[in-house]
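All remarks here apply to the structure that follows.
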Amino acid sequence: MSLLGRDLVFDSLEKVRVITERLNMAQSRQKFRSIIWRRDLEFSVDDWVAYELELPLEMAMVHPMFHVSILRKYVDDPSSTIPLKVVNIEENLTYEEVSVESFDQQVKILRNKEVSFLKVL
């Protein structure tokens with residue numbers, strides 16, 4: 001049985017109505033879930049939160065701002081502090097990597113290519 005003329009139009013309109021209804025239900029579910037998980041963030045002066053980076057002059061070409069939506073409250077942990085080394089960054093934002101010691105090498109075979117892993121100290 002083939003659909004011709006008027007039947008084809010009514011069938012198409014019915015399918016569009018069903019699709020629209022399902023999209024509205026999905027949007028409603030997503031909105032409900034976002035309201036449940038949304039939380040207001042409050043920051044005080046002493047919190048370790050920043051949204052503008054203070055970059056050295058060598059990195060003046062890098063944009064210092066990032067979107068507020070990725071802010072998370074930072075809880076200071078002294079063990080997470082890493083001492084900084086001077087890294088010479090070129091104007092095209094590249095730098096020279098110097099490995100100290102490599103102690104393991106593996107090759108992982110995927111379906112159509114090989115990926116080489118090298119552990120460097």
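Residue names in the structure tokens use chain letters A, B, ... in the order shown, residue numbers from 1 in each chain, and ligand numbers from 1 in the order shown.
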Can you tell me, as an MDAnalysis selection string, which residues in chain A count as strand (DSSP E or B) by DSSP? chainID A and resid 52 65 102:109 114:120
Here is a test: counting only C-alpha atoms, which residue of A:Asp11, A:Leu57, A:Ser28, A:Val120 is nearest to A:Ile89?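 Closest candidate: A:Leu57.
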Leaving out A:Leu93 and any residue of its chain fewer than 4 positions from it, which residues lie within 10 Å of it when counting only C-alpha atoms, given as a PyMOL selection string? chain A and resi 58-59+61-62+88-89
